[in-house]
Each structure stands twice: as structure tokens, then as C-alpha cells.
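Visitor: My structure is below; once you've seen it, I'll send some questions.
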Amino acid sequence: MNEVVEKVAPLAEPAGKGMAQGTDKAVVKKEPTILVCDGNEAAAWGIVLSRPDMVAVYPITPQSSLAEYVAQFVADGVLDAELVEAEGEHSVLSVLHGAALAGARTYTASCGQGLAFMFEPYFRTPNLRLPIVMSIVNRDGITPQCVWGGQQDAMTVREVGWVQLFCETVQEVLDTIVMAYRIAEDRSVMLPVNVNHDGNYLSNGIVRIELPDQAEVDDFLGTPDVNWHAALDPDRPMGVDPLTGGATGPGPALFVGYRRGHCEGMQNALRVIVEVHEEWARRFGRRYAPLVEEYRLDGAEYALVTIGSMAGAAKDAVDAARERGDRVGLIRIKTLRPFPVDAMVAALDKLRAVGVVDRAVSYGWNSGPVHQETLAALQYCSKRIPCLSLIGGLAGADLTQAHFERAIAATARLLDSPCPRAPVWLNAEDR
Amino acid sequence: MTATPTIAFDAARCDGCGDCMNACASAKSTDGKLAQARIHIIRDAESGRWGVAQCRQCGDPRCASVCPAAALEKGDDGIVAWDAGRCVNCLICTAGCTFGGIAFSAKEGYVVKCDQCAGAPQCVAACTRGALRYVTTAKLYNRWGELEDLFVPGLGGCQGCNTELIMRHTLRRVGSNTVLATPPGCIPGMGSVGYNGMLGCKVPVFHPLLTNTASMLTGIRRQYKRKGRNVTALALAGDGGAGDVGFQSLSGAAERGEQILFVCVDNEGYMNTGAQRSGSTTYGAWTATTPVGEGARGKTQDAKNLPLLMMWHGCEYVATASTAFMEDFYAKLEAALDASERGFAYLHLYSPCTSGWRFPSASNIEVARKAVETNFAVLWEYRREHGLKLSRDIDDPAPVTDYLKLLGKFRHLDAAQIAHIEQHVAEQAQVMRELAAMRPGDGLFDRSPSNFLNAAG
């Protein structure tokens with residue numbers, strides 16, 4: 001019999017009973033350990049399974065409990081890692097830079113203002129090609145003051161060069177964190193990965209999840225080798241990040257080479273993300289669309305484009321609409337960076353109209369960031385497809401099935417009416 | 001190693017009489033002929049002055065390093081000794097030595113060199129003019145000479161800058177099992193990371209961000225500790241990166257007791273970017289952003305005392321040092337390195353800037369010395385277990401104006417500004433005296449700095 005561990009007060013008993021390291025491996029393997037937990041705890045379990053050498057943390061709502069879970073896991077010996085309680089997010093990521101250059105597998109989590117404060121080393125991380133994994137527990141940006149969920153944080157930094165994955169469910173948070181290390185540390189990629197999970201909805205939503213077996217995960221991840229390309233090691237002395245370009249020195253070609261290599265690593269990541277998700281499905285039995293999920297696009301005339309946890313309510317709305325006979329489907333973007341142009345074009349080409357729902361805004365375009373990304377992909381489609389921007393879920397606002405039914409109706413109008421330039425503000429009337 | 005004796009030569013006193021050569025030949029050669037002497041006085045044709053060719057008993061003797069038979073070895077007594085049993089008479093040593101200190105003797109049939117006559121050199125005894133003296137060398141020069149130079153030859157900075165001196169000697173002492181962080185500023189400007197695609201150090205080196213030096217070193221040091229390796233995490237940082245924009249990461253690492261050796265080279269401003277004001281710029285100083293004009297007369301605030309701020313973090317070790325007092329600097333470097341095995345060690349070096357402070361490039365060490373002799377910069381040392389100690393007497397300082405008048409950045413000061421500086425220097429000395437009189441058991445850390453400073457003032 002498998003053991004079912006109900007964890008309503010996880011901090012009081014973080015080690016849990018019958019974890020993957022449990023007594024009868026064969027039984028555990030067949031009948032995975034079950035946890036009931038929220039997304040932040042699931043992320044922390046993903047970190048336990050990934051065995052990082054170093055974790056650096058600084059608290060920020062709604063990430064804080066994730067940092068606490070990891071700290072408690074280290075205190076209880078569940079996770080054998082160096083824990084650095086740095087004095088701010090800027091240092092959190094800087095500590096991990098040093099650690100990774102000394103060969104460490106590393107992890108941190110942040111969001112919102114923490115990510116903003118972290119920006120200076122954050123900007124540098126992918127350029128140093130450090131395979132750091134970092135959760136963003138997505139939070140809207142101040143001002144106005146708010147501590148609630150929203151994706152403005154991750155969307156604002158999407159041009160910096162990190163791989164960005166967005167999860168729909170708590171289980172996907174855990175699984176994606178483990179997969180993120182394989183993607184980040186792949187020698188053809190060597191880039192940091194953000195695993196995004198929506199603040200409030202995923203960070204605090206408690207559900208049943210399955211915990212993969214530790215030995216299986218160890219086999220899946222292999223031994224980390226993160227500083228073969230750039231190391232700060234007296235046994236392999238080298239200068240890391242010398243001055244490039246300019247009027248003196250080795251000339252612009254060196255700088256261009258770094259940038260170009262970074263771009264190629266990003267494109268390689270598209271392939272690696274697919275391969276890793278395939279292998280995950282084979283080994284652990286859970287299959288996720290690695291780049292772009294097509295939901296009920298067969299026979300659909302139009303669709304919503306979503307990202308993150310909102311897809312759950314949106315799929316319910318799509319199901320209800322299909323029952324009524326509306327020919328609507330859904331596209332969920334899992335991988336925003338690198339942007340999966342081919343997968344996106346393949347999905348969009350099946351449609352005559354799309355409505356893109358964003359939980360962030362793109363200032364100056366008067367629409368949402370994912371809407372902008374979709375517009376860019378549309379130019380590769382075989383025909384012109386009208387594309388509406390819908391913005392909702394800002395600062396933790398609820399995106400219910402009713403909101404998505406309105407979104408479906410607004411998108412359906414594109415089939416026989418011109419596409420409005422202005423976005424639809426889904427929560428504008430919510431009080 | 002202890003201090004070792006050496007033969008010092010003063011060209012100004014030498015008249016070329018040759019008594020030294022005669023004495024040596026008599027003592028060391030069976031035939032007593034001058035050609036057999038281990039010391040030779042030679043006249044320079046151009047200057048007309050006399051020079052000496054004699055074994056210098058080098059700290060890192062080239063004769064020994066090129067010897068294929070290990071016949072030459074520097075002993076604990078400081079003498080480079082020759083072993084007849086090992087010598088194969090290849091004479092490579094005579095080419096290796098650039099001082100004419102070892103030569104082949106046809107009479108003896110092998111190489112001969114000075115052995116200082118077992119502590120009673122006959123050449124010195126024979127010199128009546130005092131041109132040759134038998135003296136004990138300062139031990140640090142022997143020690144430093146033996147340590148590997150881990151920094152690129154030459155200087156990438158401004159002429160007369162002492163930062164290269166600091167880097168070279170710090171790296172020599174800290175050694176090669178080190179990861180070096182040189183945040184943006186004058187330090188990498190010296191060539192540590194290299195501006196031509198080449199590396200300026202023999203140790204792994206990197207540019208952190210200006211803001212995160214102590215944090216990056218935290219990750220490096222901790223990861224190596226985790227892997228069972230004792231790698232020194234060393235920072236050579238400017239005062240802006242340490243005390244202004246990077247102060248948060250410095251403070252955090254110090255508070256956590258990270259095992260880091262953090263050397264702050266304080267040139268009192270952002271000198272690499274063109275001499276702008278920093279929190280370490282002192283009152284009244286001209287900088288590019290505190291200019292002198294009709295309505296402004298330099299900086300209007302006192303500098304923050306960064307080393308004292310670090311002491312209040314309860315670091316393992318904090319000290320101030322100056323390149324005008326190298327023995328003191330070296331002792332502190334040694335103590336800081338040792339302390340960095342246990343916790344955070346912070347070393348603050350006053351580093352006069354020839355370009356930004358506006359003084360002749362030949363005066364750097366003189367400026368550094370005057371800063372200390374006038375109490376403008378106070379040298380002290382703090383150990384967690386012992387409290388704070390002054391490194392030299394501060395009760396009888398030279399007038400501050402002796403220091404101020406050396407520097408173009410203070411040229412515009414009026415009487416009121418000078419009075420302000422004099423008062424600040426006196427108050428600072430008084431605070432340091434009070435701190436030095438306290439011991440950890442006196443509740444050094446039970447009192448907040450502001451209370452303490454109020455009480456001291």
C-alpha cells in the first residue's frame with residue numbers, strides 16, 4: 001500500500017513520512033508518495049529532489065513561505081544545501097553567481113519588487129551562462145501598492161535572456177522545477193531558467209500532488225557540471241568576464257560572439273525543453289505540453305491564448321462554450337522565452353481569430369505582453385488572423401469562468417467585425 | 001623566517017681604494033690575488049661612481065633557480081650556499097646572476113661567491129670609509145622576495161599610483177590558492193582582468209558588479225568550504241564600491257561572518273571615472289562633482305569612517321593601513337588573512353591618488369606618510385577578542401596643514417575650512433583614543449556607535 005501523507009501543517013512536520021527515500025523503494029515507485037500542499041511547498045519539494053548545493057533566500061510576499069519551507073528542509077536535514085540568508089535580493093542572486101562559478105547547483109525564488117531590486121545581477125546571469133534555477137512567484141508591480149499576484153514582474157524582464165516557463169498547476173510547479181535543472185544545465189543551453197507560478201493562485205492554492213521518487217530524479221538529473229565553461233577555481237585559473245569591445249582590446253567581435261552564442265543557446269533550449277518534457281513523461285508518467293498547449297483546437301474557429309494558472313478557469317469556459325456549440329479552443333503558452341514561434345504558428349494557423357488574455361500590460365502598445373508576442377508570431381501564419389488583447393487578473397483580481405466567457409464572446413466577434421485596437425479590461429467593473 | 005644579515009654598499013662613500021677586495025682575496029684565496037676576491041669594485045665609466053659586484057644573497061636567487069644540480073640553495077641564515085659535492089661546474093649560475101655575484105675561479109677550478117665570512121665579513125672590516133656596512137635586513141623584504149609575484153609586470157594605472165604596490169604585495173602574501181574579485185574602478189584598471197584579452201593575474205580573477213563583491217565572494221567561499229577546499233576569497237575594491245553603492249552587500253557579508261578577506265583601497269573618491277565625490281571624500285576636497293567656484297568650495301560634508309563602521313559589525317578583524325608603513329601593512333595583511341579563515345576580515349588602505357588629488361607622481365608615499373603623521377588618517381587594528389589598538393602614537397601629530405598643503409585638491413581652502421578639518425581630525429583622534437582604551441569586556445558592543453561617539457566627543 002502506498003502511504004498518503006496529509007500535510008495541512010507542513011512546517012511542523014516538513015520531513016514527512018514515507019518520502020521518496022522511504023523504506024520500500026519498489027512500492028514507492030509504483031505508488032508515488034502523495035502530498036497535499038500549496039504551490040510554494042511543492043516548489044520547495046522540487047528543490048529537495050533537485051539537490052542544489054546552495055540556496056540563497058530573501059523573503060517577499062507571496063514567495064516567503066517558499067523560502068521558509070526550504071530553510072526548514074535544510075534545518076531538518078531533508079535538504080543538504082548551503083543556505084545563505086542574504087540581506088536582499090540583489091545579494092541573493094550575486095551569492096549564487098559566485099557559487100555557480102565555483103561549481104554549485106543553485107536555487108532561489110523571488111518576485112515583484114524583489115525581482116526589480118535583483119535586476120542588476122539578474123541581467124548578468126544569462127550573459128555569464130550560469131544555469132541557475134529561480135522561481136518567480138508572480139506578483140504585480142507597485143505602484144499602486146499591492147502585494148497580490150500578477151505577471152508584470154516576469155513580463156517586464158522577458159528581454160533579459162532567461163528561459164521563462166509558466167506553470168498551470170501545483171503539480172506542474174514541482175515537476176517543472178526539476179525539469180528546469182536539466183534544461184538549464186544542458187551543455188547546448190547553459191542558461192538560467194525562471195519557473196513562474198502565479199502568486200496567490202498557485203503559491204497558496206492547496207491541492208493533492210504526487211512526489212517523484214528521489215532515486216529516479218537523481219538518475220534523471222545526473223551530476224551537476226555547471227562551471228565547465230567559466231570557473232573561478234585556483235585549480236583552473238582564468239579571468240571571468242574581461243572587458244570586451246570598444247576602441248582598445250580584442251575588438252567588437254568578441255562581444256558579438258558572446259551575444260550570438262547566447263541567442264543560439266536560447267534557440268537550442270527550444271529543442272531541449274521538448275526533449276526533457278518527453279523524458280519526464282516517460283519516466284514519471286506526467287505529460288505537459290513543453291512549449292505551447294493546444295486545448296480543443298480540433299474543429300475550433302477561434303481561441304483564447306492564455307499563460308499560467310488562468311488556463312484552468314479558461315478551459316472550463318471553453319468546455320462550456322463547446323457544449324453550447326461555440327467553436328472555440330484554447331492555447332496555453334508554457335514557454336515564453338525562448339518564444340516557441342513554430343509551435344505557436346502551428347496552433348494559430350488552425351484558427352480564424354484569437355483573443356489573448358494577459359495578466360500584465362505592455363505600456364505604450366496599449367495591450368498585453370503576450371498579445372504583443374502573439375502578434376509577432378502571427379506574421380509567420382499563412383493568413384491574416386485578427387488578434388484581440390484582453391487584460392485581467394491584475395493585482396490578484398479574480399479571473400473566473402464568467403470572465404473567460406466574456407473573453408470568448410469578445411473574440412467570437414472578430415469573426416465578422418473589425419478587431420478593436422484597445423484592450424478589453426476584464427476586471428474593470430469588478431468592485 | 002627571522003631577519004638576516006646582509007652587506008650594504010653606499011656608493012657615495014666609496015673612493016675605489018680596493019681595500020675590500022684585498023681583504024677578501026687574503027681571506028678567501030690561497031694566493032691572495034685580487035682576481036680571486038668575491039667582491040669587486042667597478043667604476044661606472046659614465047657617472048664616474050663606484051659600484052659593487054658581490055653576491056646579494058637574493059631572496060629568490062636566480063643562480064639557484066637556474067642550477068640544474070641543486071648545488072646552490074638559500075639557507076635559513078639568508079646565505080646562498082654553494083655545495084661542492086653537487087656542483088657539476090656547468091657555470092649556468094654565473095649567467096643566471098645579474099649582479100656579478102658568482103663567478104668561475106680558474107685558480108680554484110669551480111665557481112666562487114661571497115659567504116659573508118661566517119658572520120664577520122672581512123671586506124666590511126677593511127672598509128675605512130663606511131661604504132660597506134654589515135647590516136640586518138628588514139625581515140619583510142626577505143619574506144616578500146621569496147613569495148611568488150602573482151601580478152603582471154608593469155603598471156596599467158596612473159604614474160605614481162600606489163595601488164599596484166598594494167595589489168602586488170597583497171597577492172604575493174595571499175598566494176595562488178585564491179579567487180580575486182576586482183570590482184569596477186581603479187583596481188581592474190591596474191590590469192587585473194586585462195584590457196587586451198590577456199589576464200593580469202596568475203590567480204582566478206573576475207569583475208564583480210560594483211555593488212555585489214562581498215556577495216559573490218560569499219557564494220565562492222561557501223561552495224569551496226562545502227567541497228572541503230580552503231580557497232581564499234579576496235576582494236580588492238575601491239571605496240565607492242565598498243562603502244557607497246556596494247555597502248549593502250559588504251555589510252551583509254560582514255554581519256553573516258562570511259570568511260572573506262576584503263581589502264578596501266580608499267582613494268577618497270570615484271577616481272577611475274574622473275575623480276568624483278564619494279562617501280569617503282573628505283571635507284573641503286575638490287572633486288569633479290564638488291567643484292570649486294563662486295558659490296562652492298569643495299565637499300561640504302565629512303567623510304564617513306568606513307573602517308569604524310566595519311568594526312561595529314563585529315568583524316573578526318578590521319584594520320587601517322598605509323603604504324608609507326609597509327611593515328605595519330604587511331603585519332596587518334597577515335593578521336587579516338589569518339582572521340579570514342574564521343570570519344570576515346576587513347583591511348582599509350589609504351591610497352593617495354596622484355591624478356585626482358593633484359600632487360606630483362613622485363610624492364605618493366610622502367603624501368601617504370604625512371596623512372598618518374598628521375593624524376589625518378589614523379592607523380589602528382581591531383581584533384574581536386582584543387578590541388581596538390592604535391598602531392602608532394597619535395598624541396603628538398604634525399600640523400594637519402603639513403598634509404593639506406601637499407595636495408592640489410585642498411588648494412582653495414579658506415581659514416574656516418582649515419579650522420573645520422583641524423577640529424575634525426582632533427575629534428577623530430580623540431574617538432580613536434577612547435576606543436583604544438576600551439576592551440570587549442567593557443561592553444564595546446553594548447553601546448551603540450552614536451551613543452559612544454557622543455560620549456567620546
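Residues are referred to by chain and number: the chain letter is A, B, ... according to the order shown in the C-alpha cells, the number counts from 1 in that chain, and ligands are numbered separately from 1 in the order shown.
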Env of A:Asp398: 10 Å cut, atoms = only C-alpha atoms, seq-sep filter 4 positions within chain, self excluded. Answer as a list in words.
Guide: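 Result of the neighbour search: Gly149, Tyr201, Met310, Gly392, Gly393, Leu394, His403, Leu426, Asn427 and Asp430 of chain A.
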Visitor: Identify every residue of chain B that has at least one atom within 7 Å of any atom of chain A, counting only C-alpha atoms, and report the result as an mmCIF file with C-alpha atoms, in the first residue's frame.
Guide:
```cif
data_model
loop_
_atom_site.group_PDB
_atom_site.id
_atom_site.type_symbol
_atom_site.label_atom_id
_atom_site.label_comp_id
_atom_site.auth_asym_id
_atom_site.auth_seq_id
_atom_site.Cartn_x
_atom_site.Cartn_y
_atom_site.Cartn_z
ATOM 1 C CA SER B 176 47.779 31.382 -5.512
ATOM 2 C CA ASN B 177 45.046 29.391 -3.788
ATOM 3 C CA THR B 178 42.856 32.437 -4.117
ATOM 4 C CA VAL B 179 39.898 33.761 -6.052
ATOM 5 C CA VAL B 193 41.390 41.237 -15.554
ATOM 6 C CA GLY B 194 43.155 42.637 -18.564
ATOM 7 C CA TYR B 195 42.020 45.051 -21.233
ATOM 8 C CA ASN B 196 43.655 43.262 -24.112
ATOM 9 C CA GLY B 197 42.147 39.811 -23.756
ATOM 10 C CA LEU B 199 44.959 38.197 -17.863
ATOM 11 C CA VAL B 203 45.037 33.712 -9.828
ATOM 12 C CA PRO B 204 41.418 33.321 -10.950
ATOM 13 C CA VAL B 205 40.056 36.849 -11.117
ATOM 14 C CA PHE B 206 36.790 38.497 -12.070
ATOM 15 C CA HIS B 207 34.910 41.753 -12.211
ATOM 16 C CA ASN B 212 27.988 42.823 -5.159
ATOM 17 C CA SER B 215 28.058 38.606 -2.069
ATOM 18 C CA MET B 216 29.771 36.898 -4.991
ATOM 19 C CA LEU B 217 32.706 36.009 -2.753
ATOM 20 C CA THR B 218 30.222 34.583 -0.243
ATOM 21 C CA GLY B 219 28.998 32.082 -2.806
ATOM 22 C CA ILE B 220 32.517 31.181 -3.911
ATOM 23 C CA GLN B 223 30.861 26.404 -2.141
ATOM 24 C CA TYR B 224 34.545 25.562 -1.725
ATOM 25 C CA SER B 249 26.469 43.587 0.267
ATOM 26 C CA GLY B 252 25.500 41.791 4.868
#
```
Visitor: Report as a PyMOL selection string: the residues of stretch 93-244 of chain B with a DSSP assignment of helix (DSSP H, G or I), based on the backbone of this structure.
Guide: chain B and resi 93-96+116-119+122-126+139-146+163-174+186-189+213-226+239-244
Visitor: Within 7 Å of stretch 154-163 of chain A, counting only C-alpha atoms, which residues show up once you throw out same-chain ones fewer than 3 positions away? Write them as a ChimeraX atom specification, please.
Guide: /A:123,126,138,151,191-194,337-338,369
Visitor: Check which residues of stretch 199-267 of chain B sit at most 7 Å from stretch 271-292 of chain B using only C-alpha atoms, and return one row each with the closest pair of atoms and their distance in Å to one decimal, ordered by chain and rising number, as a tab-separated table.
Guide:
```
residue	atom	partner	partner_atom	distance
B:Asp239	CA	B:Ser280	CA	6.6
B:Gly240	CA	B:Ser278	CA	5.9
B:Asp244	CA	B:Gly279	CA	6.3
```
Visitor: Would you output that residue set with C-alpha atoms, as a compact mmCIF listing (two decimals), in the first residue's frame?
Guide:
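After the write, result_27.txt holds the following:
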```txt
# COMPACT_ATOMS: atom_id res chain seq x y z
CA ASP B 239 36.00 52.98 -1.51
CA GLY B 240 32.93 53.70 -3.66
CA ASP B 244 28.73 53.55 -1.07
```
Visitor: May I ask which of the residues A:Asp358, A:Glu68, A:Asp349, A:Asp175 is the closest one to A:Ile209, counting only C-alpha atoms?
Guide: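 Of the candidates, the smallest distance to A:Ile209 is held by A:Asp175.
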Visitor: Would you kindly return, as a short mmCIF file (atom, residue, chain, number, x, y, z; two decimals) with C-alpha atoms, in the first residue's frame, each protein, DNA or RNA residue with an atom no farther than 10 Å from any atom of A:Ser417, considering only C-alpha atoms and excluding same-chain residues fewer than 5 positions away?
Guide:
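Now in selection00.cif:
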```
data_model
loop_
_atom_site.label_atom_id
_atom_site.label_comp_id
_atom_site.auth_asym_id
_atom_site.auth_seq_id
_atom_site.Cartn_x
_atom_site.Cartn_y
_atom_site.Cartn_z
CA PRO A 386 -7.32 39.17 -36.10
CA THR A 411 -13.09 37.02 -29.51
CA ALA A 412 -16.03 35.47 -31.40
#
```
Visitor: Could you pull the residues within 7 Å of stretch 11-20 of chain B, counting only C-alpha atoms, minus those fewer than 5 positions along the same chain, as a ChimeraX atom specification?
Guide: /B:41,49-51,123-124,126-127,129-131
Visitor: Out of A:Gln152, A:Thr374, A:Thr176, A:Thr223, which residue has the shortest atom-to-atom distance to A:Ala395 when counting only C-alpha atoms?
Guide: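 Among the listed residues, the smallest separation from A:Ala395 belongs to A:Gln152.
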